[in-house]
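Note sheet for the following structure.
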Amino acid sequence: MGAEWREGGTRRTPGRAVAYATCGVVLLAGCASMPDSGDLRGVESTPRQDTQVRVFAMPPRDDAQPLEIVQGFLEALTSDDPGYATARQYLTEKAAQKWEPERSTTVLTDGPATDAGPTGTRDDGDDYSYTLTGTRVAAVDGQQSYAPAAGDYRQVVHLSRDKKNGQWRIDALPQGVVMGKSDFQRNYVSVNKYYFASNTTADGSRQPMAVADPVYVRERVDPMTQMVRSVLTGPTSWLRPVVRSSFPTGTALPKGVTALTPDDQNKLTVPLNDKAAHIGQGKCDEMAAQLLFSLHSLAPAVDEIALRSGGTQLCSLTEERAAAVAARGSETSPGYLYFIDGQHRLERMTSGSGNTKADPVPGALGDGAKALRSVAVARDEHSAAGVALDGKALYVTSTVSGSSIGDPVLQSKGKTETDRLTTPSWDTQGDLWVADRDPDAPRLLLLEKGGGQPLEVLTPGLDGRINAVRVAADGVRIALVVDKGGKQSLLIGRIERGPGSGDQPSVSLQELRSATPELEQVTAVSWAGDNRLVVVGRESGGVQQVQYVQCDGSVPEAGTLPGLTEVTSIAASEDSEIPLFATSKDGLLWLPGGSGWRTLKETASVAFYPG
């Protein structure tokens with residue numbers, strides 16, 4: 001993070017001491033020739049550095065003036081100092097003890113700026129106040145959970161001069177850390193830690209489903225140990241009501257364990273306190289799977305987890321065995337890509353094979369007996385649900401040759417096509433979700449196993465009408481495109497199930513949150529990973545774009561995809577190795593790796609993978 005002073009219309013930037021080492025570049029950033037007077041106007045974010053760059057701040061020099069102390073402290077917040085020890089040197093002893101940098105991280109559009117000048121509050125001139133200002137972009141809380149934010153940031157930093165040694169130090173400051181967006185992107189990395197859906201067990205009746213819980217960790221401050229501690233702490237508050245951890249309550253790393261490193265066989269041994277000493281084999285395997293999945297995206301890669309407690313090995317789990325312990329959506333590859341052709345029939349192509357030959361889907365939806373507007377194929381690919389061309393009726397049938405379409409399982413009374421049924425979506429339990437957009441009775445509905453009496457899903461906090469529904473492979477999160485006043489937003493909700501009245505359960509969506517705060521027109525969406533979606537939309541006054549977003553509202557560094565116009569649907573798989581498809585005015589298109597979109601079929605209205 002650089003600093004900017006303006007004196008007499010000129011700009012002065014503090015110098016930085018830079019050292020490069022042959023093994024991993026090390027950058028030492030400090031305040032080497034800071035001005036002794038003048039107004040602190042702004043703090044610029046450092047351009048994003050290579051991932052191997054390490055940044056360390058310099059401690060305050062003797063007789064540093066208030067401006068220099070404030071700037072040095074802000075520099076230190078963006079460094080790779082594990083415990084912010086250097087940043088604390090800019091504080092008084094009492095302030096350093098009270099300051100909790102891990103409580104939160106506030107992300108601003110640019111680095112924090114200050115008001116025009118300090119304000120002395122005592123006649124002897126031994127204290128100064130500066131107001132840090134900026135525009136909020138996001139916040140990371142004490143659980144390391146990211147959330148988009150907006151509005152002004154305004155916080156006061158107060159300094160005092162020690163009467164004994166004459167040194168200036170900060171004696172009052174806001175809790176947490178503040179930095180610009182580019183510094184945040186350089187310092188932090190988004191990773192998924194994993195827990196299990198509450199409605200899955202390890203007793204053999206049903207394989208547990210792993211659910212991604214996204215958090216941000218400091219990328220170059222031992223992220224592996226950070227991740228292990230975070231997993232042991234438990235899920236974030238947003239996800240906690242619908243997941244469970246296999247780690248017994250109170251499980252933690254023993255005192256004195258400060259770093260974890262895999263051996264030369266990529267095996268990581270994790271010591272645990274005595275809370276985990278008497279667990280069974282099945283529970284231990286689940287614990288190891290949670291850690292293995294969570295550490296998968298970090299470098300160096302971890303291929304095996306061994307858990308120990310009190311000097312005794314509890315269990316050991318390899319990556320190959322982990323797949324038998326728990327399921328992950330991103331590890332499940334679809335058999336086919338499906339699309340609706342120019343004759344409103346359902347066709348399919350073998351997924352990921354490179355073979356673009358398409359065939360009608362066996363059964364009633366592929367034979368052309370019923371013209372289709374949209375379809376969803378169950379995740380086991382044995383059943384399909386289709387909405388008639390006029391949007392009025394929903395049919396559920398088998399994808400087996402000779403199957404009949406039967407009577408509709410649901411009908412809408414909406415007066416126009418846009419006021420009727422949305423594209424349906426199947427969850428991992430084989431239940432079918434669909435929204436009825438009838439203005440007189442807008443509802444989100446669930447049909448258990450694709451039939452029976454539709455259950456109205458409770459949607460507290462939903463403000464607007466649902467345009468699209470996509471259930472995640474983990475079965476506990478749902479993506480909704482919601483229309484309010486002509487603006488279409490992507491919201492992520494938590495699916496909660498409980499006892500209801502009679503034979504039907506109670507199902508609700510809780511704590512809906514925006515995943516695309518910067519987009520005002522979302523036209524298509526598909527899950528593209530355990531925590532990632534691909535979205536088609538545009539910003540205010542902008543053009544339509546295709547991009548990846550995280551379900552917490554953050555955007556991956558390489559989020560933007562090649563442009564495409566007039567997109568009607570987007571098809572992505574949770575398995576990142578499976579290619580993207582889309583439909584537009586040019587027909588069915590696909591995106592080969594490293595190139596632009598290519599047309600496969602000149603006529604197609606909707607493309608999708610199972611789910």
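Simple scheme: letters A, B, ... for chains in structure tokens order, numbers from 1 for residues in each chain, numbers from 1 for ligands in the order shown.
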Env of Leu394 in chain A: 7 Å cut, atoms = only C-alpha atoms, seq-sep filter 5 positions within chain, self excluded. Answer as a tab-separated table (two decimals) with C-alpha atoms, in the first residue's frame.
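Ended up saving to selection_20.tsv:
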```
chain	number	residue	atom	x	y	z
A	385	ALA	CA	-39.15	-32.67	-15.72
A	386	GLY	CA	-40.31	-30.56	-18.64
A	387	VAL	CA	-42.30	-27.33	-18.86
A	388	ALA	CA	-44.64	-27.03	-21.84
A	408	PRO	CA	-49.05	-32.63	-15.63
A	409	VAL	CA	-47.91	-32.67	-11.99
A	410	LEU	CA	-48.33	-28.91	-11.72
A	411	GLN	CA	-50.14	-26.16	-13.63
```
Write out as JSON lines the residues of range 170-201 of chain A that have any atom within 8 Å of an atom of range 240-256 of chain A, one row each with the nearest atom pair and its distance in Å to one decimal, counting only C-alpha atoms, sorted by chain and then rising number.
```
{"residue": "A:Tyr195", "atom": "CA", "partner": "A:Ser245", "partner_atom": "CA", "distance": 5.3}
{"residue": "A:Phe196", "atom": "CA", "partner": "A:Val243", "partner_atom": "CA", "distance": 5.3}
{"residue": "A:Ala197", "atom": "CA", "partner": "A:Val243", "partner_atom": "CA", "distance": 4.4}
{"residue": "A:Ser198", "atom": "CA", "partner": "A:Val243", "partner_atom": "CA", "distance": 4.5}
```
Give me a file of those residues, with N, CA and C atoms, as an mmCIF file, in the first residue's frame.
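Saved the output as part20.cif:
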```
data_model
loop_
_atom_site.group_PDB
_atom_site.id
_atom_site.type_symbol
_atom_site.label_atom_id
_atom_site.label_comp_id
_atom_site.auth_asym_id
_atom_site.auth_seq_id
_atom_site.Cartn_x
_atom_site.Cartn_y
_atom_site.Cartn_z
ATOM 1 N N TYR A 195 -17.801 -29.260 5.532
ATOM 2 C CA TYR A 195 -18.574 -29.927 6.570
ATOM 3 C C TYR A 195 -19.567 -30.844 5.869
ATOM 4 N N PHE A 196 -20.413 -31.507 6.626
ATOM 5 C CA PHE A 196 -21.349 -32.453 6.032
ATOM 6 C C PHE A 196 -22.785 -31.975 6.217
ATOM 7 N N ALA A 197 -23.593 -32.189 5.177
ATOM 8 C CA ALA A 197 -25.003 -31.827 5.271
ATOM 9 C C ALA A 197 -25.631 -32.542 6.463
ATOM 10 N N SER A 198 -26.432 -31.831 7.226
ATOM 11 C CA SER A 198 -26.987 -32.379 8.460
ATOM 12 C C SER A 198 -27.861 -33.602 8.226
#
```
What are the DSSP strand (DSSP E or B) residues of range 243-445 of chain A, as a ChimeraX atom specification?
-> /A:243-244,267-272,304-309,312-318,327,336-341,346-350,359-360,372-377,383-388,393-398,410-411,421,425-426,432-436,443-445
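You can rank A:Thr261, A:Ser605, A:Thr105, A:Ser309 by their closest distance to Pro174 in chain A using only C-alpha atoms, and at the top of that list sits A:Thr105.
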Find the residues near range 185-194 of chain A: any atom within 7 Å, counting only C-alpha atoms, skip ones fewer than 6 places away on the same chain, and give them as a PDB file with all heavy atoms, in the first residue's frame.
```
ATOM      1  N   ARG A  48      -1.243  -5.323  -7.615  1.00  0.00           N
ATOM      2  CA  ARG A  48      -1.136  -6.727  -7.235  1.00  0.00           C
ATOM      3  C   ARG A  48       0.207  -7.297  -7.643  1.00  0.00           C
ATOM      4  O   ARG A  48       0.645  -7.143  -8.770  1.00  0.00           O
ATOM      5  CB  ARG A  48      -2.264  -7.540  -7.876  1.00  0.00           C
ATOM      6  CG  ARG A  48      -2.227  -8.991  -7.411  1.00  0.00           C
ATOM      7  CD  ARG A  48      -3.447  -9.733  -7.896  1.00  0.00           C
ATOM      8  NE  ARG A  48      -3.358 -11.108  -7.480  1.00  0.00           N
ATOM      9  CZ  ARG A  48      -3.987 -11.616  -6.431  1.00  0.00           C
ATOM     10  NH1 ARG A  48      -4.725 -10.839  -5.692  1.00  0.00           N
ATOM     11  NH2 ARG A  48      -3.873 -12.884  -6.125  1.00  0.00           N
ATOM     12  N   GLN A  49       0.877  -7.955  -6.716  1.00  0.00           N
ATOM     13  CA  GLN A  49       2.187  -8.508  -6.951  1.00  0.00           C
ATOM     14  C   GLN A  49       2.085  -9.984  -7.325  1.00  0.00           C
ATOM     15  O   GLN A  49       1.049 -10.617  -7.182  1.00  0.00           O
ATOM     16  CB  GLN A  49       3.037  -8.374  -5.681  1.00  0.00           C
ATOM     17  CG  GLN A  49       3.127  -6.963  -5.140  1.00  0.00           C
ATOM     18  CD  GLN A  49       4.019  -6.073  -5.962  1.00  0.00           C
ATOM     19  OE1 GLN A  49       4.778  -6.553  -6.786  1.00  0.00           O
ATOM     20  NE2 GLN A  49       3.925  -4.778  -5.739  1.00  0.00           N
ATOM     21  N   THR A  78      -0.899  -4.301   5.525  1.00  0.00           N
ATOM     22  CA  THR A  78      -0.908  -5.060   4.267  1.00  0.00           C
ATOM     23  C   THR A  78       0.297  -5.978   4.145  1.00  0.00           C
ATOM     24  O   THR A  78       0.525  -6.552   3.086  1.00  0.00           O
ATOM     25  CB  THR A  78      -0.929  -4.088   3.072  1.00  0.00           C
ATOM     26  OG1 THR A  78       0.335  -3.422   2.986  1.00  0.00           O
ATOM     27  CG2 THR A  78      -2.032  -3.061   3.218  1.00  0.00           C
ATOM     28  N   ALA A 210     -20.492 -33.650   1.324  1.00  0.00           N
ATOM     29  CA  ALA A 210     -19.631 -32.562   1.784  1.00  0.00           C
ATOM     30  C   ALA A 210     -20.137 -31.233   1.236  1.00  0.00           C
ATOM     31  O   ALA A 210     -20.498 -31.124   0.063  1.00  0.00           O
ATOM     32  CB  ALA A 210     -18.197 -32.802   1.328  1.00  0.00           C
ATOM     33  N   VAL A 211     -20.159 -30.230   2.105  1.00  0.00           N
ATOM     34  CA  VAL A 211     -20.660 -28.906   1.745  1.00  0.00           C
ATOM     35  C   VAL A 211     -19.534 -27.899   1.921  1.00  0.00           C
ATOM     36  O   VAL A 211     -18.885 -27.849   2.974  1.00  0.00           O
ATOM     37  CB  VAL A 211     -21.855 -28.507   2.633  1.00  0.00           C
ATOM     38  CG1 VAL A 211     -22.398 -27.139   2.216  1.00  0.00           C
ATOM     39  CG2 VAL A 211     -22.953 -29.565   2.565  1.00  0.00           C
ATOM     40  N   ALA A 212     -19.293 -27.088   0.902  1.00  0.00           N
ATOM     41  CA  ALA A 212     -18.231 -26.084   0.952  1.00  0.00           C
ATOM     42  C   ALA A 212     -18.665 -24.882   1.779  1.00  0.00           C
ATOM     43  O   ALA A 212     -19.779 -24.374   1.633  1.00  0.00           O
ATOM     44  CB  ALA A 212     -17.867 -25.641  -0.457  1.00  0.00           C
ATOM     45  N   ASP A 213     -17.786 -24.444   2.653  1.00  0.00           N
ATOM     46  CA  ASP A 213     -17.999 -23.258   3.473  1.00  0.00           C
ATOM     47  C   ASP A 213     -16.865 -22.285   3.149  1.00  0.00           C
ATOM     48  O   ASP A 213     -15.748 -22.436   3.642  1.00  0.00           O
ATOM     49  CB  ASP A 213     -17.979 -23.646   4.950  1.00  0.00           C
ATOM     50  CG  ASP A 213     -18.480 -22.542   5.861  1.00  0.00           C
ATOM     51  OD1 ASP A 213     -18.962 -21.520   5.352  1.00  0.00           O
ATOM     52  OD2 ASP A 213     -18.393 -22.700   7.096  1.00  0.00           O
ATOM     53  N   PRO A 214     -17.098 -21.293   2.293  1.00  0.00           N
ATOM     54  CA  PRO A 214     -16.005 -20.427   1.832  1.00  0.00           C
ATOM     55  C   PRO A 214     -15.514 -19.470   2.909  1.00  0.00           C
ATOM     56  O   PRO A 214     -16.307 -18.853   3.625  1.00  0.00           O
ATOM     57  CB  PRO A 214     -16.636 -19.661   0.662  1.00  0.00           C
ATOM     58  CG  PRO A 214     -18.097 -19.645   0.984  1.00  0.00           C
ATOM     59  CD  PRO A 214     -18.382 -20.952   1.667  1.00  0.00           C
ATOM     60  N   VAL A 215     -14.198 -19.351   3.022  1.00  0.00           N
ATOM     61  CA  VAL A 215     -13.572 -18.384   3.923  1.00  0.00           C
ATOM     62  C   VAL A 215     -12.375 -17.769   3.213  1.00  0.00           C
ATOM     63  O   VAL A 215     -11.884 -18.309   2.219  1.00  0.00           O
ATOM     64  CB  VAL A 215     -13.113 -19.029   5.249  1.00  0.00           C
ATOM     65  CG1 VAL A 215     -14.302 -19.471   6.079  1.00  0.00           C
ATOM     66  CG2 VAL A 215     -12.176 -20.199   4.985  1.00  0.00           C
ATOM     67  N   TYR A 216     -11.905 -16.635   3.741  1.00  0.00           N
ATOM     68  CA  TYR A 216     -10.706 -15.987   3.221  1.00  0.00           C
ATOM     69  C   TYR A 216      -9.595 -16.111   4.261  1.00  0.00           C
ATOM     70  O   TYR A 216      -9.805 -15.812   5.435  1.00  0.00           O
ATOM     71  CB  TYR A 216     -10.971 -14.515   2.909  1.00  0.00           C
ATOM     72  CG  TYR A 216     -11.471 -14.297   1.498  1.00  0.00           C
ATOM     73  CD1 TYR A 216     -12.810 -14.485   1.174  1.00  0.00           C
ATOM     74  CD2 TYR A 216     -10.592 -13.936   0.486  1.00  0.00           C
ATOM     75  CE1 TYR A 216     -13.265 -14.293  -0.125  1.00  0.00           C
ATOM     76  CE2 TYR A 216     -11.036 -13.750  -0.825  1.00  0.00           C
ATOM     77  CZ  TYR A 216     -12.370 -13.926  -1.117  1.00  0.00           C
ATOM     78  OH  TYR A 216     -12.806 -13.756  -2.402  1.00  0.00           O
ATOM     79  N   VAL A 217      -8.419 -16.563   3.817  1.00  0.00           N
ATOM     80  CA  VAL A 217      -7.251 -16.650   4.690  1.00  0.00           C
ATOM     81  C   VAL A 217      -6.113 -15.834   4.093  1.00  0.00           C
ATOM     82  O   VAL A 217      -6.098 -15.547   2.887  1.00  0.00           O
ATOM     83  CB  VAL A 217      -6.795 -18.115   4.889  1.00  0.00           C
ATOM     84  CG1 VAL A 217      -7.891 -18.935   5.547  1.00  0.00           C
ATOM     85  CG2 VAL A 217      -6.377 -18.751   3.560  1.00  0.00           C
ATOM     86  N   ARG A 218      -5.165 -15.452   4.937  1.00  0.00           N
ATOM     87  CA  ARG A 218      -4.002 -14.698   4.456  1.00  0.00           C
ATOM     88  C   ARG A 218      -3.105 -15.660   3.662  1.00  0.00           C
ATOM     89  O   ARG A 218      -2.628 -16.668   4.180  1.00  0.00           O
ATOM     90  CB  ARG A 218      -3.269 -14.078   5.633  1.00  0.00           C
ATOM     91  CG  ARG A 218      -4.119 -13.051   6.367  1.00  0.00           C
ATOM     92  CD  ARG A 218      -3.430 -12.544   7.614  1.00  0.00           C
ATOM     93  NE  ARG A 218      -2.303 -11.674   7.290  1.00  0.00           N
ATOM     94  CZ  ARG A 218      -1.419 -11.251   8.181  1.00  0.00           C
ATOM     95  NH1 ARG A 218      -1.522 -11.645   9.445  1.00  0.00           N
ATOM     96  NH2 ARG A 218      -0.425 -10.461   7.827  1.00  0.00           N
ATOM     97  N   GLU A 219      -2.891 -15.323   2.414  1.00  0.00           N
ATOM     98  CA  GLU A 219      -2.324 -16.268   1.452  1.00  0.00           C
ATOM     99  C   GLU A 219      -0.896 -16.680   1.755  1.00  0.00           C
ATOM    100  O   GLU A 219      -0.503 -17.811   1.499  1.00  0.00           O
ATOM    101  CB  GLU A 219      -2.395 -15.660   0.044  1.00  0.00           C
ATOM    102  CG  GLU A 219      -2.004 -16.616  -1.058  1.00  0.00           C
ATOM    103  CD  GLU A 219      -2.300 -16.064  -2.436  1.00  0.00           C
ATOM    104  OE1 GLU A 219      -2.687 -14.879  -2.543  1.00  0.00           O
ATOM    105  OE2 GLU A 219      -2.146 -16.809  -3.414  1.00  0.00           O
ATOM    106  N   VAL A 231     -11.201 -25.091  10.179  1.00  0.00           N
ATOM    107  CA  VAL A 231     -12.067 -26.266  10.110  1.00  0.00           C
ATOM    108  C   VAL A 231     -12.427 -26.745  11.516  1.00  0.00           C
ATOM    109  O   VAL A 231     -13.584 -27.064  11.809  1.00  0.00           O
ATOM    110  CB  VAL A 231     -11.392 -27.398   9.313  1.00  0.00           C
ATOM    111  CG1 VAL A 231     -12.210 -28.689   9.409  1.00  0.00           C
ATOM    112  CG2 VAL A 231     -11.220 -27.009   7.849  1.00  0.00           C
ATOM    113  N   GLN A 290     -12.773 -34.182   5.917  1.00  0.00           N
ATOM    114  CA  GLN A 290     -13.019 -32.744   6.002  1.00  0.00           C
ATOM    115  C   GLN A 290     -11.736 -31.952   5.774  1.00  0.00           C
ATOM    116  O   GLN A 290     -11.712 -30.972   5.019  1.00  0.00           O
ATOM    117  CB  GLN A 290     -13.598 -32.384   7.375  1.00  0.00           C
ATOM    118  CG  GLN A 290     -15.068 -32.687   7.551  1.00  0.00           C
ATOM    119  CD  GLN A 290     -15.570 -32.228   8.905  1.00  0.00           C
ATOM    120  OE1 GLN A 290     -15.971 -33.025   9.737  1.00  0.00           O
ATOM    121  NE2 GLN A 290     -15.540 -30.921   9.135  1.00  0.00           N
ATOM    122  N   PHE A 293     -10.369 -32.447   1.996  1.00  0.00           N
ATOM    123  CA  PHE A 293     -11.108 -31.619   1.039  1.00  0.00           C
ATOM    124  C   PHE A 293     -10.750 -30.142   1.214  1.00  0.00           C
ATOM    125  O   PHE A 293     -10.593 -29.406   0.235  1.00  0.00           O
ATOM    126  CB  PHE A 293     -12.620 -31.786   1.237  1.00  0.00           C
ATOM    127  CG  PHE A 293     -13.150 -33.163   0.919  1.00  0.00           C
ATOM    128  CD1 PHE A 293     -14.344 -33.601   1.468  1.00  0.00           C
ATOM    129  CD2 PHE A 293     -12.457 -34.019   0.078  1.00  0.00           C
ATOM    130  CE1 PHE A 293     -14.841 -34.860   1.183  1.00  0.00           C
ATOM    131  CE2 PHE A 293     -12.945 -35.287  -0.217  1.00  0.00           C
ATOM    132  CZ  PHE A 293     -14.150 -35.712   0.341  1.00  0.00           C
ATOM    133  N   SER A 294     -10.622 -29.713   2.467  1.00  0.00           N
ATOM    134  CA  SER A 294     -10.376 -28.293   2.751  1.00  0.00           C
ATOM    135  C   SER A 294      -8.999 -27.839   2.293  1.00  0.00           C
ATOM    136  O   SER A 294      -8.814 -26.678   1.905  1.00  0.00           O
ATOM    137  CB  SER A 294     -10.541 -28.018   4.251  1.00  0.00           C
ATOM    138  OG  SER A 294     -11.833 -28.359   4.709  1.00  0.00           O
TER     139      SER A 294
END
```
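The two atoms in question, CA of Tyr130 in chain A and CA of Val177 in chain A, are spaced 16.0 Å apart.
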Residue neighbourhood range 359-363 of chain A, 8 Å, only C-alpha atoms, exclusion window fewer than 6 positions, as a PyMOL selection string = chain A and resi 345-349+397-404
Expected file: the selected residues, N, CA and C atoms, as a compact mmCIF listing (two decimals), in the first residue's frame:
```txt
# COMPACT_ATOMS: atom_id res chain seq x y z
N ARG A 345 -37.65 -30.33 -28.82
CA ARG A 345 -37.45 -31.66 -28.27
C ARG A 345 -36.19 -31.67 -27.41
N LEU A 346 -36.10 -32.64 -26.51
CA LEU A 346 -34.95 -32.77 -25.63
C LEU A 346 -33.91 -33.69 -26.27
N GLU A 347 -32.69 -33.16 -26.47
CA GLU A 347 -31.60 -33.95 -27.01
C GLU A 347 -30.43 -33.95 -26.03
N ARG A 348 -29.44 -34.82 -26.29
CA ARG A 348 -28.29 -34.90 -25.40
C ARG A 348 -27.04 -35.27 -26.17
N MET A 349 -25.89 -34.88 -25.60
CA MET A 349 -24.58 -35.25 -26.13
C MET A 349 -23.76 -35.81 -24.98
N THR A 397 -41.35 -37.37 -16.18
CA THR A 397 -41.35 -38.67 -16.82
C THR A 397 -39.98 -39.30 -16.76
N SER A 398 -39.89 -40.55 -17.21
CA SER A 398 -38.64 -41.28 -17.22
C SER A 398 -37.86 -41.00 -18.50
N THR A 399 -36.55 -41.18 -18.44
CA THR A 399 -35.71 -41.04 -19.65
C THR A 399 -35.42 -42.41 -20.24
N VAL A 400 -36.40 -43.30 -20.13
CA VAL A 400 -36.30 -44.65 -20.66
C VAL A 400 -37.18 -44.75 -21.90
N SER A 401 -36.72 -45.44 -22.92
CA SER A 401 -37.50 -45.60 -24.15
C SER A 401 -38.88 -46.16 -23.84
N GLY A 402 -39.88 -45.59 -24.51
CA GLY A 402 -41.24 -46.07 -24.35
C GLY A 402 -42.01 -45.43 -23.23
N SER A 403 -41.36 -44.56 -22.41
CA SER A 403 -42.08 -43.91 -21.31
C SER A 403 -43.09 -42.91 -21.85
N SER A 404 -44.21 -42.77 -21.15
CA SER A 404 -45.24 -41.82 -21.56
C SER A 404 -45.15 -40.57 -20.71
```
Closest-contact table, range 294-362 of chain A side, partner range 522-528 of chain A, 12 Å, counting only C-alpha atoms, as a tab-separated table:
```
residue	atom	partner	partner_atom	distance
A:Gly329	CA	A:Ala528	CA	9.6
A:Ser330	CA	A:Ala528	CA	8.2
A:Glu331	CA	A:Ala528	CA	11.7
A:Thr332	CA	A:Ala528	CA	11.8
A:Ser333	CA	A:Ala528	CA	11.6
```
For CA of Glu539 in chain A and CA of Glu520 in chain A, quote the distance in Å rounded to one decimal.
->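 According to the coordinates, CA of Glu539 in chain A and CA of Glu520 in chain A are separated by 5.5 Å.
Nearest-residue note for Lys585 in chain A: choosing from A:Thr106, A:Gly342, A:Ser489, A:Arg532, the minimum distance belongs to A:Gly342, counting only C-alpha atoms.
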Within 9 Å of range 156-168 of chain A, counting only C-alpha atoms, which residues qualify if same-chain residues fewer than 4 places away don't, as JSON, numbers by chain?
-> {"A": [62, 63, 64, 65, 66, 69, 70, 90, 91, 92, 125, 126, 127, 128, 129, 130, 131, 132, 133, 172, 173, 174]}
